[in-house]
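For reference, the structure is listed below as C-alpha cells.
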Amino acid sequence: MIFSDFLPRTLNGEAAENQPPFRDGAKLIFSGCEKCVFLDRTQTLLYTFCNRKFMKILVTGGMGYIGSHTAVALQEHGYEVVMVDNLSNSRREVQENIFRITGKAIALEVFDLCNADRTRAFFSAHKDIEGVIHFAAHKAVGESVANPMKYYGNNLISLMNILRGMDNTGSSTLVFSSSCTVYGQPEELPVSEEAPVQKALSPYGNTKQISEEMITDHIHSEACDGMRAVLLRYFNPIGAHDSAHIGELPLGVPDNLVPYITQTAAGKRDQLKVFGNDYNTHDGTAIRDYIHVMDLAHAHVKALDRMLQGKHKDPVEIFNLGTGTGYSVMDVIKAFEKVTGKPLNYAFAPRRPGDVEKVWANPEKANKILQWKAKQNLEQMMRSAWKWEMSLKK
Ligand code: UD1
C-alpha cells in the first residue's frame with residue numbers, strides 16, 4: 001500500500017495536512033473496510049489512510065442502546081458518524097465507550113430534536129451529512145399508554161424536524177427505526193413485510209405507524225426532491241457488544257425482558273414476573289423473535305450502503321430485521337440459566353396488557369436483498385447480555 005495516495009485525517013476527521021508524515025511501525029487498530037486502515041501514531045492523533053472521502057452519517061439517539069451499537073458498526077465500516085442526542089435516556093460516558101471499541105472519536109451534539117430552530121441550525125451547519133439514521137424516540141409501551149402526548153409529541157415532532165432539515169440540506173437518505181409492533185398479532189407466522197399493518201395496541205406503536213406513513217407520504221410528495229428511506233422493522237433486540245463497553249442501559253426499572261432478567265440475577269431486582277403462562281404456545285408463555293443488537297446494527301450498515309449506492313428499487317423500502325426463530329419467555333430464561341449457571345428467581349404473573357401472544361419474523365427479504373443474516377443464537381445473546389450486566393458492577 002502506498003500511503004502517500006491516501007488522505008490522512010486527525011481524530012476529529014479533519015484533514016491532517018500539516019501533521020508529521022506517517023512513520024512505519026504505527027500500531028494498526030483495525031481495518032475498517034477493504035480500502036481503509038486506521039493507525040494509532042501517537043496518543044493524540046489517529047491517522048486514517050483512505051482513498052475515498054468518508055461519508056458523514058447523522059445518528060440521532062446515537063447514545064442509546066441500538067444507536068450506540070450501530071455507531072460502532074458504522075465507524076468500523078468506514079463511515080464518519082456525528083450523533084445528536086438529548087441524553088434523556090442515556091449517559092454521556094457512552095461516547096467514550098464507543099471510542100474504546102473503535103479507536104475513532106465520535107462527534108456528539110446534545111440537544112432535543114423537537115426544537116425546530118436548533119434542528120434547522122444543526123442541518124445548516126452540517127450540509128455534508130449524506131445519510132441519517134433516526135433512532136431518537138421514546139419506546140416504553142406502558143408509559144406511552146399512561147402519557148400518550150409525551151409519545152406523540154416527541155416521536156412525531158422530532159421526525160418532522162429531521163425531514164425538514166434533510167429537505168433543506170440535500171442529505172437524501174434516511175434509515176428509520178421502526179418496529180414489528182406495526183403488525184400487531186399477525187394472522188400468519190412467520191410475518192413478512194407483506195402482512196397488513198394493524199391498529200396499534202399502544203400510543204408508542206401508533207407513533208411508529210404514523211412515522212412510517214409520514215416518511216412515505218413526504219417522499220412521494222412533489223415537495224420532496226429525491227429523498228429515499230428504508231424502514232427497518234425490528235423484532236426484539238437484546239444482548240450487548242462483545243467488549244461489554246456498551247450495552248442496554250435502562251434508567252430506572254427496565255420494561256423489557258432481558259435487562260429485567262440480568263438485573264434480577266445480579267441482585268438489583270428481587271424477582272422477574274413472567275407475564276402470562278396461559279398463551280397458546282408450547283409452554284404457555286409469549287413468543288418473540290430475539291435478535292442480537294450487533295446483528296441488528298450490521299443490518300443498518302447494509303441498508304444504508306444500499307440506499308447510498310443507489311441500489312434501491314423503490315424510494316421507500318421496508319425490511320423485517322429478525323432471526324426467523326421464535327422463543328418463549330421460558331426459553332429465554334432457560335437459555336440464561338444455562339449459559340450463566342445461575343438459577344433465576346421468577347414467578348408467573350397475569351398477562352401484560354397490550355402484549356401479543358406470538359410473533360416472529362420472516363427475514364428472507366433482508367437476507368436476500370440486503371445480503372444480511374442474523375448470526376448470533378439465543379445462548380450467545382444471553383452470554384453477552386450477562387457479560388454486560390457484570391461489567392456494570394465494576
Ligand atoms: C415491546 C414492543 C416493541 C418495542 C419494544 C421496545 C409491542 C408488542 N412490542 O416489545 O414494539 O420495540 O417493546 O421496548 O408493543 N416480559 C415478562 N416480564 C418482564 C418483561 C417482559 O414476562 O418483566 C415478557 C413480555 O410480556 C413479552 C416478552 O417478555 O412476552 C418480551 O417483552 P419485552 O422485552 O418488553 O418486548 P416486547 O413487549 O415484545
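Numbering starts fresh at 1 for the residues of each chain in the C-alpha cells, the chains themselves are lettered A, B, ... in the order given, and ligands are numbered from 1 as they appear.
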
* To do: Check the DSSP output for the backbone and give back, as number ranges by chain, the residues of region 30-153 of chain A in strand (DSSP E or B).
  => A: 30-33, 36-40, 46-50, 56-60, 80-85, 107-110, 129-134

Selection to disk with N, CA and C atoms, as a short mmCIF file (atom, residue, chain, number, x, y, z; two decimals), in the first residue's frame:
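Result file selection22.cif:
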```cif
data_model
loop_
_atom_site.label_atom_id
_atom_site.label_comp_id
_atom_site.auth_asym_id
_atom_site.auth_seq_id
_atom_site.Cartn_x
_atom_site.Cartn_y
_atom_site.Cartn_z
N PHE A 30 -7.45 -1.26 13.55
CA PHE A 30 -8.27 -2.21 12.80
C PHE A 30 -8.37 -1.77 11.36
N SER A 31 -8.80 -2.69 10.55
CA SER A 31 -9.04 -2.36 9.15
C SER A 31 -10.53 -2.17 9.01
N GLY A 32 -10.95 -0.96 8.69
CA GLY A 32 -12.38 -0.65 8.70
C GLY A 32 -13.10 -1.15 7.47
N CYS A 33 -12.48 -1.10 6.35
CA CYS A 33 -13.07 -1.66 5.15
C CYS A 33 -11.90 -2.01 4.25
N CYS A 36 -9.44 0.92 3.76
CA CYS A 36 -9.01 1.82 4.84
C CYS A 36 -8.18 1.08 5.88
N VAL A 37 -7.19 1.76 6.41
CA VAL A 37 -6.56 1.26 7.64
C VAL A 37 -6.50 2.41 8.63
N PHE A 38 -6.61 2.11 9.88
CA PHE A 38 -6.60 3.12 10.92
C PHE A 38 -5.36 2.90 11.77
N LEU A 39 -4.59 3.93 11.94
CA LEU A 39 -3.31 3.75 12.60
C LEU A 39 -3.18 4.71 13.76
N ASP A 40 -2.78 4.17 14.90
CA ASP A 40 -2.61 4.97 16.09
C ASP A 40 -1.14 5.38 16.17
N LEU A 46 -4.85 10.13 15.37
CA LEU A 46 -5.18 8.87 14.72
C LEU A 46 -5.26 9.18 13.23
N TYR A 47 -4.48 8.53 12.46
CA TYR A 47 -4.48 8.77 11.02
C TYR A 47 -5.34 7.74 10.33
N THR A 48 -6.08 8.22 9.42
CA THR A 48 -6.86 7.33 8.59
C THR A 48 -6.31 7.46 7.18
N PHE A 49 -5.93 6.38 6.60
CA PHE A 49 -5.46 6.43 5.23
C PHE A 49 -6.52 5.79 4.37
N CYS A 50 -7.09 6.59 3.56
CA CYS A 50 -8.24 6.10 2.82
C CYS A 50 -8.24 6.76 1.46
N LYS A 56 -20.35 11.19 5.77
CA LYS A 56 -20.77 11.58 7.12
C LYS A 56 -22.23 11.18 7.34
N ILE A 57 -22.46 10.46 8.42
CA ILE A 57 -23.80 9.96 8.73
C ILE A 57 -24.25 10.52 10.08
N LEU A 58 -25.43 11.09 10.09
CA LEU A 58 -26.03 11.53 11.36
C LEU A 58 -26.75 10.36 12.00
N VAL A 59 -26.43 10.09 13.26
CA VAL A 59 -27.15 9.06 14.02
C VAL A 59 -27.88 9.78 15.15
N THR A 60 -29.19 9.88 15.04
CA THR A 60 -29.95 10.52 16.13
C THR A 60 -30.20 9.45 17.20
N GLU A 80 -18.09 8.11 8.73
CA GLU A 80 -17.85 9.08 9.78
C GLU A 80 -19.20 9.35 10.45
N VAL A 81 -19.22 9.36 11.77
CA VAL A 81 -20.51 9.45 12.48
C VAL A 81 -20.58 10.74 13.28
N VAL A 82 -21.70 11.44 13.15
CA VAL A 82 -21.99 12.53 14.07
C VAL A 82 -23.31 12.19 14.75
N MET A 83 -23.35 12.36 16.06
CA MET A 83 -24.54 11.95 16.80
C MET A 83 -25.26 13.17 17.37
N VAL A 84 -26.57 13.08 17.41
CA VAL A 84 -27.37 14.06 18.16
C VAL A 84 -28.17 13.27 19.18
N ASP A 85 -28.15 13.73 20.42
CA ASP A 85 -28.87 13.02 21.47
C ASP A 85 -29.20 14.04 22.56
N ALA A 107 -18.31 12.54 17.04
CA ALA A 107 -18.82 13.87 17.37
C ALA A 107 -20.23 13.73 17.96
N LEU A 108 -20.50 14.51 19.00
CA LEU A 108 -21.83 14.47 19.64
C LEU A 108 -22.33 15.88 19.85
N GLU A 109 -23.57 16.15 19.46
CA GLU A 109 -24.22 17.42 19.83
C GLU A 109 -25.41 17.07 20.69
N VAL A 110 -25.48 17.73 21.84
CA VAL A 110 -26.56 17.42 22.78
C VAL A 110 -27.66 18.46 22.64
N ILE A 129 -23.74 16.14 5.55
CA ILE A 129 -24.32 14.86 6.01
C ILE A 129 -24.98 14.17 4.82
N GLU A 130 -24.59 12.91 4.59
CA GLU A 130 -25.13 12.22 3.41
C GLU A 130 -26.23 11.23 3.76
N GLY A 131 -26.29 10.84 5.01
CA GLY A 131 -27.36 9.93 5.40
C GLY A 131 -27.72 10.15 6.86
N VAL A 132 -28.96 9.81 7.18
CA VAL A 132 -29.45 9.98 8.57
C VAL A 132 -30.03 8.65 9.04
N ILE A 133 -29.60 8.20 10.21
CA ILE A 133 -30.27 7.05 10.84
C ILE A 133 -30.97 7.59 12.07
N HIS A 134 -32.28 7.46 12.07
CA HIS A 134 -33.06 8.12 13.12
C HIS A 134 -33.56 7.11 14.15
#
```

Neighbouring residues of Tyr290 (chain A) were defined as those with any atom within 10 Å, considering only C-alpha atoms; residues of the same chain fewer than 5 positions away were excluded. Please report them as a compact mmCIF listing (two decimals) with N, CA and C atoms, in the first residue's frame.
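Final output, saved to around-v2.txt:
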```txt
# COMPACT_ATOMS: atom_id res chain seq x y z
N TYR A 234 -37.81 -3.74 13.50
CA TYR A 234 -37.05 -4.61 14.39
C TYR A 234 -37.98 -5.55 15.12
N PHE A 235 -37.47 -6.75 15.37
CA PHE A 235 -38.15 -7.64 16.30
C PHE A 235 -37.56 -7.31 17.69
N ASN A 236 -37.07 -8.24 18.47
CA ASN A 236 -36.68 -7.88 19.84
C ASN A 236 -35.16 -7.86 20.02
N PRO A 237 -34.53 -6.68 19.93
CA PRO A 237 -33.09 -6.60 20.09
C PRO A 237 -32.65 -6.85 21.54
N ILE A 238 -31.67 -7.70 21.71
CA ILE A 238 -31.13 -7.98 23.05
C ILE A 238 -29.61 -8.15 22.95
N GLY A 239 -28.96 -8.34 24.10
CA GLY A 239 -27.52 -8.58 24.11
C GLY A 239 -26.74 -7.28 24.06
N VAL A 258 -35.06 -8.90 28.84
CA VAL A 258 -33.68 -9.33 29.11
C VAL A 258 -32.99 -8.46 30.16
N LEU A 321 -36.28 -7.07 10.45
CA LEU A 321 -34.99 -7.49 10.99
C LEU A 321 -35.22 -8.41 12.19
N GLY A 322 -35.13 -9.68 11.91
CA GLY A 322 -35.28 -10.70 12.96
C GLY A 322 -34.47 -11.91 12.54
N THR A 323 -34.50 -12.94 13.40
CA THR A 323 -33.73 -14.15 13.07
C THR A 323 -34.56 -15.17 12.31
N GLY A 324 -35.89 -15.08 12.47
CA GLY A 324 -36.77 -16.07 11.87
C GLY A 324 -37.15 -17.17 12.86
N THR A 325 -36.63 -17.09 14.08
CA THR A 325 -36.95 -18.11 15.08
C THR A 325 -37.62 -17.44 16.29
N GLY A 326 -38.68 -18.06 16.75
CA GLY A 326 -39.37 -17.51 17.93
C GLY A 326 -38.99 -18.29 19.19
N TYR A 327 -38.79 -17.58 20.29
CA TYR A 327 -38.53 -18.21 21.58
C TYR A 327 -39.52 -17.67 22.60
N SER A 328 -39.94 -18.56 23.49
CA SER A 328 -40.86 -18.13 24.54
C SER A 328 -40.07 -17.47 25.67
N VAL A 332 -36.14 -18.24 26.98
CA VAL A 332 -35.12 -17.22 27.23
C VAL A 332 -34.55 -17.41 28.64
N TRP A 360 -42.90 -13.77 15.24
CA TRP A 360 -41.52 -13.91 14.79
C TRP A 360 -41.46 -13.60 13.30
N ALA A 361 -40.25 -13.27 12.86
CA ALA A 361 -40.09 -12.67 11.54
C ALA A 361 -39.89 -13.70 10.44
N GLN A 376 -26.06 -14.53 15.47
CA GLN A 376 -25.87 -14.99 16.86
C GLN A 376 -27.12 -15.71 17.38
N ASN A 377 -26.88 -16.81 18.09
CA ASN A 377 -28.02 -17.58 18.61
C ASN A 377 -28.40 -17.10 20.02
N LEU A 378 -29.46 -17.69 20.54
CA LEU A 378 -30.00 -17.20 21.81
C LEU A 378 -28.97 -17.29 22.94
N MET A 381 -26.54 -14.54 22.70
CA MET A 381 -27.18 -13.27 23.09
C MET A 381 -27.23 -13.15 24.61
```

Listing only residues of chain A within 7 Å of ligand 1, what is the closest atom pair and its distance in Å (to one decimal) for each, using only C-alpha atoms and all ligand atoms, sorted by chain and residue number ascending, as a Markdown table?
```
| residue | atom | partner | partner_atom_place_in_ligand_line | distance |
| --- | --- | --- | --- | --- |
| A:Lys139 | CA | ligand 1 | 14 (O) | 5.1 |
| A:Ala140 | CA | ligand 1 | 14 (O) | 5.2 |
| A:Val141 | CA | ligand 1 | 15 (O) | 5.8 |
| A:Ser179 | CA | ligand 1 | 11 (O) | 5.1 |
| A:Cys180 | CA | ligand 1 | 11 (O) | 5.7 |
| A:Thr181 | CA | ligand 1 | 11 (O) | 4.1 |
| A:Gly184 | CA | ligand 1 | 8 (C) | 6.6 |
| A:Leu201 | CA | ligand 1 | 15 (O) | 6.8 |
| A:Ser202 | CA | ligand 1 | 15 (O) | 6.8 |
| A:Gly205 | CA | ligand 1 | 15 (O) | 6.0 |
| A:Tyr234 | CA | ligand 1 | 12 (O) | 6.9 |
| A:Phe235 | CA | ligand 1 | 12 (O) | 6.9 |
| A:Asn236 | CA | ligand 1 | 39 (O) | 6.1 |
| A:Asp255 | CA | ligand 1 | 35 (O) | 5.4 |
| A:Asn256 | CA | ligand 1 | 34 (O) | 3.3 |
| A:Leu257 | CA | ligand 1 | 20 (C) | 3.7 |
| A:Val258 | CA | ligand 1 | 34 (O) | 6.3 |
| A:Tyr260 | CA | ligand 1 | 23 (O) | 5.7 |
| A:Leu272 | CA | ligand 1 | 23 (O) | 5.7 |
| A:Lys273 | CA | ligand 1 | 18 (N) | 5.0 |
| A:Val274 | CA | ligand 1 | 22 (O) | 3.4 |
| A:Phe275 | CA | ligand 1 | 22 (O) | 3.9 |
| A:Gly276 | CA | ligand 1 | 22 (O) | 6.9 |
| A:Thr285 | CA | ligand 1 | 30 (O) | 6.9 |
| A:Ala286 | CA | ligand 1 | 30 (O) | 4.5 |
| A:Ile287 | CA | ligand 1 | 30 (O) | 6.2 |
| A:Arg288 | CA | ligand 1 | 39 (O) | 6.1 |
| A:Val329 | CA | ligand 1 | 29 (O) | 5.5 |
| A:Arg351 | CA | ligand 1 | 26 (O) | 6.7 |
| A:Arg352 | CA | ligand 1 | 26 (O) | 5.6 |
| A:Gly354 | CA | ligand 1 | 8 (C) | 6.6 |
| A:Asp355 | CA | ligand 1 | 8 (C) | 5.2 |
| A:Val356 | CA | ligand 1 | 8 (C) | 5.6 |
```

* To do: Do a neighbour search on Ser391 (chain A) at 12 Å with only C-alpha atoms, toss out local chain neighbours closer than 2 positions, and write the hits as an NGL selection string.
  => :A and (240-249 or 262 or 266 or 384-389 or 393-394)

* To do: Identify all residues of region 167-316 of chain A in alpha helix (DSSP H) (DSSP on the backbone) and supply them as JSON, numbers by chain.
  => {"A": [167, 168, 169, 203, 204, 205, 206, 207, 208, 209, 210, 211, 212, 213, 214, 215, 216, 217, 218, 219, 220, 257, 258, 259, 260, 261, 262, 263, 264, 265, 293, 294, 295, 296, 297, 298, 299, 300, 301, 302, 303, 304, 305, 306, 307, 308]}

* Counting only C-alpha atoms, the residue of A:Asp283, A:Glu213, A:Glu187, A:Glu76 that sits nearest Lys104 (chain A) ->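 Among A:Asp283, A:Glu213, A:Glu187, A:Glu76, it is A:Glu76 that comes nearest to Lys104 (chain A).
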
* Best match for closeness to Ser177 (chain A) among A:Asn367, A:Asn154, A:Thr207, A:Asn362, counting only C-alpha atoms ->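 Among the listed residues, the smallest separation from Ser177 (chain A) belongs to A:Thr207.
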